[in-house]
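Raw structure22.txt, compact mmCIF, C-alpha atoms:
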# COMPACT_ATOMS: atom_id res chain seq x y z
CA MET A 3 20.47 -96.86 -179.23
CA THR A 4 22.07 -93.49 -179.94
CA VAL A 5 25.36 -92.64 -181.63
CA PRO A 6 27.96 -91.97 -178.88
CA GLY A 7 28.47 -88.25 -178.32
CA LEU A 8 25.37 -87.17 -180.23
CA PRO A 9 23.82 -84.75 -180.02
CA MET A 10 26.92 -82.80 -179.03
CA ALA A 11 26.17 -80.71 -175.94
CA VAL A 12 26.78 -76.99 -176.50
CA PRO A 13 25.48 -75.08 -173.44
CA SER A 14 24.20 -71.53 -173.67
CA ARG A 15 24.55 -68.96 -170.89
CA ASP A 16 21.03 -67.62 -171.39
CA LEU A 17 19.37 -70.97 -170.67
CA PRO A 18 18.59 -72.91 -167.47
CA THR A 19 20.86 -75.80 -166.50
CA ARG A 20 17.94 -78.09 -165.68
CA VAL A 21 14.39 -78.42 -166.99
CA ARG A 22 11.52 -80.32 -165.41
CA ILE A 23 9.43 -82.17 -167.98
CA HIS A 24 5.77 -82.52 -167.05
CA GLU A 25 4.83 -85.70 -168.92
CA VAL A 26 1.23 -85.65 -170.19
CA GLY A 27 1.19 -88.69 -172.47
CA ALA A 28 -0.85 -90.94 -170.19
CA ARG A 29 -3.62 -88.36 -169.79
CA ASP A 30 -3.61 -85.73 -172.51
CA GLY A 31 -1.94 -88.13 -174.90
CA LEU A 32 -4.44 -90.96 -174.56
CA GLN A 33 -7.69 -89.08 -173.91
CA ASN A 34 -8.34 -88.56 -177.62
CA GLU A 35 -7.84 -92.21 -178.61
CA LYS A 36 -11.02 -93.68 -180.10
CA ALA A 37 -10.28 -97.29 -179.15
CA THR A 38 -10.28 -97.93 -175.41
CA VAL A 39 -6.78 -98.55 -174.07
CA PRO A 40 -6.83 -101.28 -171.39
CA THR A 41 -6.20 -100.07 -167.85
CA GLU A 42 -3.29 -102.50 -167.49
CA VAL A 43 -1.63 -101.00 -170.58
CA LYS A 44 -2.01 -97.48 -169.16
CA ALA A 45 -0.46 -98.58 -165.87
CA GLU A 46 2.44 -100.26 -167.67
CA PHE A 47 2.94 -97.13 -169.80
CA ILE A 48 3.21 -94.97 -166.67
CA ARG A 49 5.57 -97.44 -165.00
CA ARG A 50 7.83 -97.46 -168.05
CA LEU A 51 7.82 -93.66 -168.18
CA ALA A 52 8.87 -93.55 -164.53
CA ASP A 53 11.60 -96.09 -165.23
CA ALA A 54 12.88 -93.81 -168.01
CA GLY A 55 13.44 -91.05 -165.44
CA LEU A 56 10.32 -88.91 -165.76
CA ALA A 57 9.59 -87.51 -162.31
CA THR A 58 6.21 -85.88 -163.06
CA ILE A 59 3.71 -88.03 -164.94
CA GLU A 60 0.13 -86.82 -165.31
CA ALA A 61 -1.79 -90.01 -164.69
CA THR A 62 -5.48 -89.55 -165.51
CA SER A 63 -8.52 -87.32 -165.17
CA PHE A 64 -11.45 -87.52 -162.77
CA VAL A 65 -13.97 -86.14 -165.22
CA HIS A 66 -17.38 -87.69 -165.77
CA PRO A 67 -16.92 -90.79 -167.97
CA LYS A 68 -19.39 -89.55 -170.59
CA TRP A 69 -17.17 -86.56 -171.37
CA VAL A 70 -13.89 -88.47 -171.75
CA PRO A 71 -14.70 -92.20 -172.00
CA GLN A 72 -11.03 -93.11 -172.41
CA LEU A 73 -10.35 -92.01 -168.82
CA ALA A 74 -13.39 -93.65 -167.23
CA ASP A 75 -11.07 -96.08 -165.45
CA ALA A 76 -9.41 -93.48 -163.20
CA GLU A 77 -10.52 -95.23 -159.99
CA ALA A 78 -9.09 -98.53 -161.21
CA LEU A 79 -5.87 -97.06 -162.63
CA PHE A 80 -4.66 -94.81 -159.82
CA PRO A 81 -4.21 -97.57 -157.18
CA MET A 82 -2.19 -99.59 -159.71
CA ILE A 83 0.50 -96.89 -159.89
CA GLY A 84 0.27 -95.30 -156.44
CA ASP A 85 3.48 -96.96 -155.26
CA LEU A 86 5.64 -95.21 -157.86
CA PRO A 87 8.21 -92.75 -156.41
CA VAL A 88 7.16 -89.97 -158.80
CA ALA A 89 4.64 -87.12 -158.82
CA LEU A 90 1.31 -88.29 -160.31
CA PRO A 91 -0.91 -85.25 -160.90
CA VAL A 92 -4.53 -85.81 -161.98
CA LEU A 93 -7.05 -83.53 -163.62
CA VAL A 94 -10.13 -82.59 -161.56
CA PRO A 95 -12.92 -80.60 -163.25
CA ASN A 96 -14.98 -79.82 -160.15
CA GLU A 97 -15.46 -80.63 -156.46
CA ARG A 98 -16.84 -84.09 -157.24
CA GLY A 99 -13.69 -84.86 -159.23
CA LEU A 100 -11.59 -83.56 -156.35
CA ASP A 101 -13.44 -85.81 -153.90
CA ARG A 102 -12.72 -88.84 -156.08
CA ALA A 103 -9.04 -87.93 -156.42
CA LEU A 104 -8.51 -87.20 -152.73
CA GLY A 105 -10.30 -90.43 -151.84
CA LEU A 106 -7.60 -92.34 -153.71
CA GLY A 107 -4.74 -90.40 -152.11
CA ALA A 108 -3.84 -88.02 -154.94
CA ARG A 109 -1.42 -85.32 -153.78
CA ARG A 110 -1.28 -83.24 -156.95
CA VAL A 111 -4.31 -82.05 -158.92
CA ALA A 112 -4.96 -79.75 -161.86
CA VAL A 113 -7.88 -77.59 -162.95
CA PHE A 114 -8.49 -76.71 -166.60
CA ALA A 115 -9.46 -73.12 -167.47
CA SER A 116 -9.76 -71.22 -170.73
CA ALA A 117 -8.49 -67.82 -171.84
CA THR A 118 -11.41 -67.46 -174.27
CA GLU A 119 -15.17 -67.48 -173.94
CA SER A 120 -15.69 -69.76 -176.96
CA PHE A 121 -13.49 -72.55 -175.64
CA ALA A 122 -14.86 -72.18 -172.10
CA LYS A 123 -18.32 -72.74 -173.58
CA ALA A 124 -17.22 -75.71 -175.71
CA ASN A 125 -15.11 -77.38 -173.03
CA LEU A 126 -16.88 -76.47 -169.79
CA ASN A 127 -20.28 -75.16 -170.91
CA ARG A 128 -19.60 -72.02 -168.88
CA THR A 129 -18.29 -68.51 -169.35
CA VAL A 130 -14.68 -67.84 -168.34
CA ASP A 131 -15.83 -66.18 -165.11
CA GLU A 132 -18.29 -69.00 -164.32
CA ALA A 133 -15.53 -71.56 -164.81
CA LEU A 134 -13.21 -69.64 -162.49
CA ALA A 135 -15.98 -69.48 -159.88
CA MET A 136 -16.38 -73.26 -160.18
CA PHE A 137 -12.66 -73.81 -159.66
CA GLU A 138 -12.35 -71.55 -156.63
CA PRO A 139 -13.69 -74.05 -154.04
CA VAL A 140 -11.77 -76.86 -155.75
CA VAL A 141 -8.48 -75.00 -155.37
CA SER A 142 -9.33 -73.82 -151.87
CA ARG A 143 -10.18 -77.32 -150.63
CA ALA A 144 -7.14 -78.84 -152.30
CA LYS A 145 -4.82 -76.30 -150.68
CA ALA A 146 -6.49 -76.89 -147.29
CA ALA A 147 -5.57 -80.56 -147.74
CA SER A 148 -1.95 -79.60 -148.59
CA VAL A 149 -2.39 -80.77 -152.17
CA HIS A 150 -0.38 -79.15 -154.97
CA VAL A 151 -2.58 -77.42 -157.58
CA ARG A 152 -1.71 -76.74 -161.20
CA GLY A 153 -3.85 -74.44 -163.30
CA TYR A 154 -4.06 -75.25 -167.00
CA LEU A 155 -4.99 -72.36 -169.27
CA SER A 156 -6.08 -73.25 -172.80
CA MET A 157 -6.11 -71.02 -175.90
CA CYS A 158 -3.35 -68.70 -174.70
CA PHE A 159 -2.13 -67.95 -178.21
CA GLY A 160 -5.09 -68.45 -180.52
CA ASP A 161 -8.64 -69.78 -180.61
CA PRO A 162 -10.30 -71.65 -183.53
CA TRP A 163 -13.49 -69.59 -183.14
CA GLU A 164 -12.14 -66.21 -182.01
CA GLY A 165 -8.78 -66.07 -183.77
CA ALA A 166 -5.99 -64.11 -182.07
CA VAL A 167 -6.30 -63.89 -178.30
CA PRO A 168 -5.32 -60.51 -176.79
CA ILE A 169 -2.40 -60.83 -174.39
CA PRO A 170 -4.11 -58.80 -171.59
CA GLN A 171 -7.00 -61.26 -171.72
CA VAL A 172 -4.62 -64.18 -171.04
CA VAL A 173 -2.83 -62.25 -168.29
CA LYS A 174 -6.14 -61.54 -166.55
CA VAL A 175 -7.11 -65.22 -166.32
CA CYS A 176 -3.59 -66.25 -165.28
CA ARG A 177 -3.66 -63.69 -162.50
CA ALA A 178 -7.08 -64.96 -161.34
CA LEU A 179 -5.84 -68.56 -161.18
CA LEU A 180 -2.77 -67.59 -159.16
CA ASP A 181 -4.82 -65.38 -156.86
CA MET A 182 -7.18 -68.24 -156.03
CA GLY A 183 -4.20 -70.33 -154.92
CA CYS A 184 -2.79 -72.30 -157.85
CA ASP A 185 0.84 -73.25 -157.26
CA GLU A 186 1.77 -73.20 -160.93
CA LEU A 187 0.20 -72.44 -164.30
CA SER A 188 0.57 -74.17 -167.64
CA LEU A 189 0.20 -71.92 -170.68
CA GLY A 190 -1.51 -73.93 -173.42
CA ASP A 191 -1.06 -73.35 -177.13
CA THR A 192 -4.03 -75.61 -177.73
CA ILE A 193 -4.18 -75.34 -181.52
CA GLY A 194 -0.45 -74.85 -182.03
CA VAL A 195 -0.49 -71.36 -183.56
CA ALA A 196 2.09 -69.68 -181.29
CA THR A 197 5.37 -68.33 -182.64
CA PRO A 198 8.47 -67.37 -180.61
CA GLY A 199 7.86 -63.62 -180.63
CA HIS A 200 4.34 -64.13 -179.31
CA VAL A 201 5.69 -66.40 -176.56
CA VAL A 202 8.22 -63.78 -175.48
CA ALA A 203 5.59 -61.02 -175.49
CA LEU A 204 3.14 -63.04 -173.36
CA LEU A 205 5.80 -64.05 -170.83
CA ALA A 206 6.96 -60.42 -170.55
CA ALA A 207 3.39 -59.23 -169.94
CA LEU A 208 2.85 -61.92 -167.32
CA ASP A 209 6.09 -61.04 -165.54
CA GLU A 210 5.03 -57.37 -165.48
CA ALA A 211 1.72 -58.46 -163.91
CA GLY A 212 3.50 -60.33 -161.13
CA VAL A 213 3.40 -63.80 -162.70
CA PRO A 214 7.09 -64.79 -162.89
CA PRO A 215 8.44 -67.49 -165.25
CA THR A 216 9.21 -69.65 -162.22
CA ALA A 217 5.44 -70.04 -161.67
CA LEU A 218 4.84 -71.15 -165.26
CA GLY A 219 5.03 -74.18 -167.46
CA VAL A 220 4.49 -74.14 -171.22
CA HIS A 221 2.37 -76.59 -173.20
CA PHE A 222 2.91 -76.39 -176.95
CA HIS A 223 1.25 -78.33 -179.73
CA ASP A 224 3.16 -78.90 -182.96
CA THR A 225 0.39 -78.17 -185.46
CA TYR A 226 2.58 -75.78 -187.46
CA GLY A 227 5.95 -77.24 -186.48
CA GLN A 228 6.67 -74.46 -183.96
CA ALA A 229 6.67 -76.36 -180.65
CA LEU A 230 10.44 -76.66 -180.17
CA ALA A 231 11.10 -73.09 -181.33
CA ASN A 232 8.47 -71.82 -178.92
CA THR A 233 9.90 -73.92 -176.10
CA LEU A 234 13.37 -72.51 -176.68
CA ALA A 235 11.96 -68.97 -176.59
CA ALA A 236 10.25 -69.75 -173.27
CA LEU A 237 13.45 -71.21 -171.79
CA GLN A 238 15.32 -68.05 -172.78
CA GLN A 239 12.78 -66.08 -170.72
CA GLY A 240 13.39 -68.19 -167.59
CA VAL A 241 10.71 -70.90 -167.84
CA THR A 242 12.00 -74.23 -166.50
CA THR A 243 8.90 -76.45 -166.72
CA VAL A 244 7.83 -77.85 -170.09
CA ASP A 245 4.85 -80.11 -170.82
CA ALA A 246 5.42 -82.87 -173.33
CA SER A 247 3.88 -86.16 -174.38
CA ALA A 248 5.84 -89.37 -174.89
CA GLY A 249 5.79 -90.26 -178.56
CA GLY A 250 3.96 -87.04 -179.43
CA LEU A 251 0.59 -88.54 -178.48
CA GLY A 252 -2.46 -86.37 -178.05
CA GLY A 253 -4.67 -83.57 -179.20
CA CYS A 254 -7.78 -81.98 -177.78
CA PRO A 255 -11.26 -83.50 -178.13
CA TYR A 256 -12.90 -80.06 -177.97
CA ALA A 257 -10.71 -78.33 -180.59
CA LYS A 258 -10.73 -80.11 -183.94
CA SER A 259 -7.65 -78.28 -185.22
CA ALA A 260 -5.50 -79.34 -182.26
CA THR A 261 -2.92 -81.90 -183.30
CA GLY A 262 -0.31 -83.72 -181.28
CA ASN A 263 1.57 -82.45 -178.29
CA LEU A 264 5.28 -81.73 -178.37
CA ALA A 265 6.97 -85.14 -178.27
CA THR A 266 8.96 -85.71 -175.09
CA GLU A 267 11.75 -87.41 -177.05
CA ASP A 268 12.12 -84.47 -179.44
CA LEU A 269 12.28 -82.13 -176.46
CA VAL A 270 14.88 -84.26 -174.64
CA TRP A 271 17.04 -84.43 -177.78
CA MET A 272 17.05 -80.64 -178.06
CA LEU A 273 17.70 -80.12 -174.35
CA ARG A 274 20.53 -82.64 -174.37
CA GLY A 275 22.14 -80.75 -177.24
CA LEU A 276 21.85 -77.54 -175.22
CA GLY A 277 23.56 -79.15 -172.23
CA ILE A 278 20.37 -78.96 -170.15
CA ASP A 279 19.77 -81.76 -167.63
CA THR A 280 16.40 -83.52 -167.52
CA GLY A 281 17.25 -86.71 -165.64
CA ILE A 282 15.72 -88.75 -168.48
CA ASP A 283 17.22 -91.84 -170.12
CA LEU A 284 16.42 -91.17 -173.78
CA GLY A 285 16.97 -94.76 -174.86
CA ARG A 286 14.45 -96.08 -172.33
CA LEU A 287 12.00 -93.34 -173.24
CA VAL A 288 12.21 -94.16 -176.96
CA ALA A 289 11.71 -97.85 -176.15
CA THR A 290 8.64 -96.94 -174.08
CA SER A 291 7.08 -94.88 -176.86
CA THR A 292 7.86 -97.59 -179.43
CA TRP A 293 6.12 -100.10 -177.16
CA MET A 294 3.11 -97.80 -176.69
CA ALA A 295 2.86 -97.18 -180.43
CA ALA A 296 2.65 -100.94 -180.92
CA GLN A 297 -0.19 -101.09 -178.37
CA LEU A 298 -2.04 -98.42 -180.35
CA GLY A 299 -1.31 -100.08 -183.68
CA ARG A 300 0.47 -97.22 -185.41
CA PRO A 301 3.94 -95.63 -185.54
CA SER A 302 4.90 -92.81 -183.22
CA PRO A 303 4.71 -89.31 -184.77
CA SER A 304 7.85 -88.30 -182.83
CA ARG A 305 10.74 -87.71 -185.22
CA THR A 306 13.28 -88.65 -182.57
CA VAL A 307 11.47 -91.91 -181.82
CA ARG A 308 11.38 -92.73 -185.52
CA ALA A 309 15.04 -91.84 -186.05
CA LEU A 310 16.35 -93.77 -183.07
CA SER A 311 14.08 -96.79 -183.38
CA HIS A 312 14.94 -97.04 -187.11
CA GLU A 313 18.64 -96.84 -186.26
CA ASP A 314 18.15 -99.51 -183.64
CA SER A 315 16.37 -101.85 -186.08
CA GLU A 316 19.14 -101.39 -188.67
CA GLU A 317 21.79 -102.28 -186.08
CA HIS A 318 19.96 -105.58 -185.51
Starting from the file, give its structure as structure tokens.
Amino acid sequence: MTVPGLPMAVPSRDLPTRVRIHEVGARDGLQNEKATVPTEVKAEFIRRLADAGLATIEATSFVHPKWVPQLADAEALFPMIGDLPVALPVLVPNERGLDRALGLGARRVAVFASATESFAKANLNRTVDEALAMFEPVVSRAKAASVHVRGYLSMCFGDPWEGAVPIPQVVKVCRALLDMGCDELSLGDTIGVATPGHVVALLAALDEAGVPPTALGVHFHDTYGQALANTLAALQQGVTTVDASAGGLGGCPYAKSATGNLATEDLVWMLRGLGIDTGIDLGRLVATSTWMAAQLGRPSPSRTVRALSHEDSEEH
């Protein structure tokens, strides 16, 4: 499916040798779809992603169905994929969501906080501090059950209502999430306005506040075409976990200006060229995203998927 030897691997001494990709296509990627995706299709999507070598695949969200109707089938979906030998984190908005996830045997959960008051109000109908207070017992109970907890933090680089988000404000919420027991944090560029210098400045401020890059993942949207540049800047600062969505699926239902996530295939192509190991079979991943695009009835927005699937069709 790819031209032998391409992209040519040219390692850099200031970059990690391996990166863990946190695949969000099945949850963040599909949650914004208007047409309901059948549960069986979601399960097959996750199975194909696992077969392509992705070791962390965010499966679904245990939110109330009225908020995210696309993920109302969480109870039906999770048992269909529970046998997979990969990490299957799920989003839990509150203690009720945690109860549902634990009842199905979930071993990795995530809470979803905001760095800004406007988005906390729009997404959670709470202030930032009220949302953190709501998450505290969720994290505490999850840790007591030996469950891994990820803390998502939205609007780290810009907010559609508030504009630029002060770096100390982001650091404060990150510190609060770690202090309550989160094992890792994911820094979200929800509307895709980050640039590399901003990424470096935030990571430096976090490190100074005792939040090292090893505790962080980055979650970039490609609204302004900056996702790969921002990812590279984060890798140069020591981050080794990157969120991405197969085929570039996804947006955010609570932020109208949020466009697609960084495509996993585009990320893997860049990392392969940098000599960084991901454990992912790019050909199988492209085939999976091409299949999923057919299920959704439209082409994948991923440039790598389009390039490689076009090449494949011309060969045949």
One number please: atom CA of A:Ala54 to atom CA of A:Ser148, in Å, one decimal.
28.3 Å
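The coordinates place atom CA of A:Pro198 at 8.1 Å from atom CA of A:Leu234.
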Which of these residues is nearest to A:Ala248, using only C-alpha atoms: A:Pro6, A:Gly55, A:Pro301, A:Gly27?
A:Gly27
Just to confirm, what's the straight-line distance from atom CA of A:Val201 to atom CA of A:Asn232 in Å (one decimal)?
6.5 Å
Env of A:Arg50: 10 Å cut, atoms = all atoms listed in the file, seq-sep filter 5 positions within chain, self excluded. Answer as an MDAnalysis selection string.
chainID A and resid 44:45 55:56 286:287 289:291 293:294
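Among A:Ala296, A:Leu180, A:Ala217, A:Ala231, the residue with the shortest atom-to-atom distance to A:Thr197, counting all atoms listed in the file, is A:Ala231.
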For stretch 32-41 of chain A, work out the shell of residues within 9 Å, counting all atoms listed in the file and skipping chain neighbours fewer than 6 positions away, then give it as number ranges by chain.
A: 26, 62-63, 70-73, 75-76, 78-79, 251-255, 297-298
Cut-off 8 Å: closest stretch 80-174 of chain A/stretch 203-209 of chain A atom pairs per residue, using only C-alpha atoms, as a tab-separated table:
residue	atom	partner	partner_atom	distance
A:Ile169	CA	A:Leu204	CA	6.1
A:Pro170	CA	A:Ala207	CA	7.7
A:Val173	CA	A:Leu208	CA	5.8
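Closest to A:Asp224 among A:Arg308, A:Val92, A:Gly190, A:Val149 is A:Gly190, based on all atoms listed in the file.
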Just want the 8 Å neighbourhood of A:Ala108, counted on only C-alpha atoms, with same-chain residues fewer than 3 positions away dropped. Output as number ranges by chain.
A: 90-92, 103-105, 111, 149
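Nearest residue to A:Leu273, choosing from A:Ser188, A:Thr233, A:Thr292, A:Ser156 and counting only C-alpha atoms: A:Thr233.
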Using all atoms listed in the file, which of the listed residues (A:Val244, A:Cys176, A:Leu264, A:Ala235) sits closest to A:Gly194?
A:Leu264
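The shortest atom-to-atom distance to A:Tyr154, with only C-alpha atoms taken into account, belongs to A:Asp245 out of A:Asp245, A:Glu119, A:Glu210, A:Asp53.
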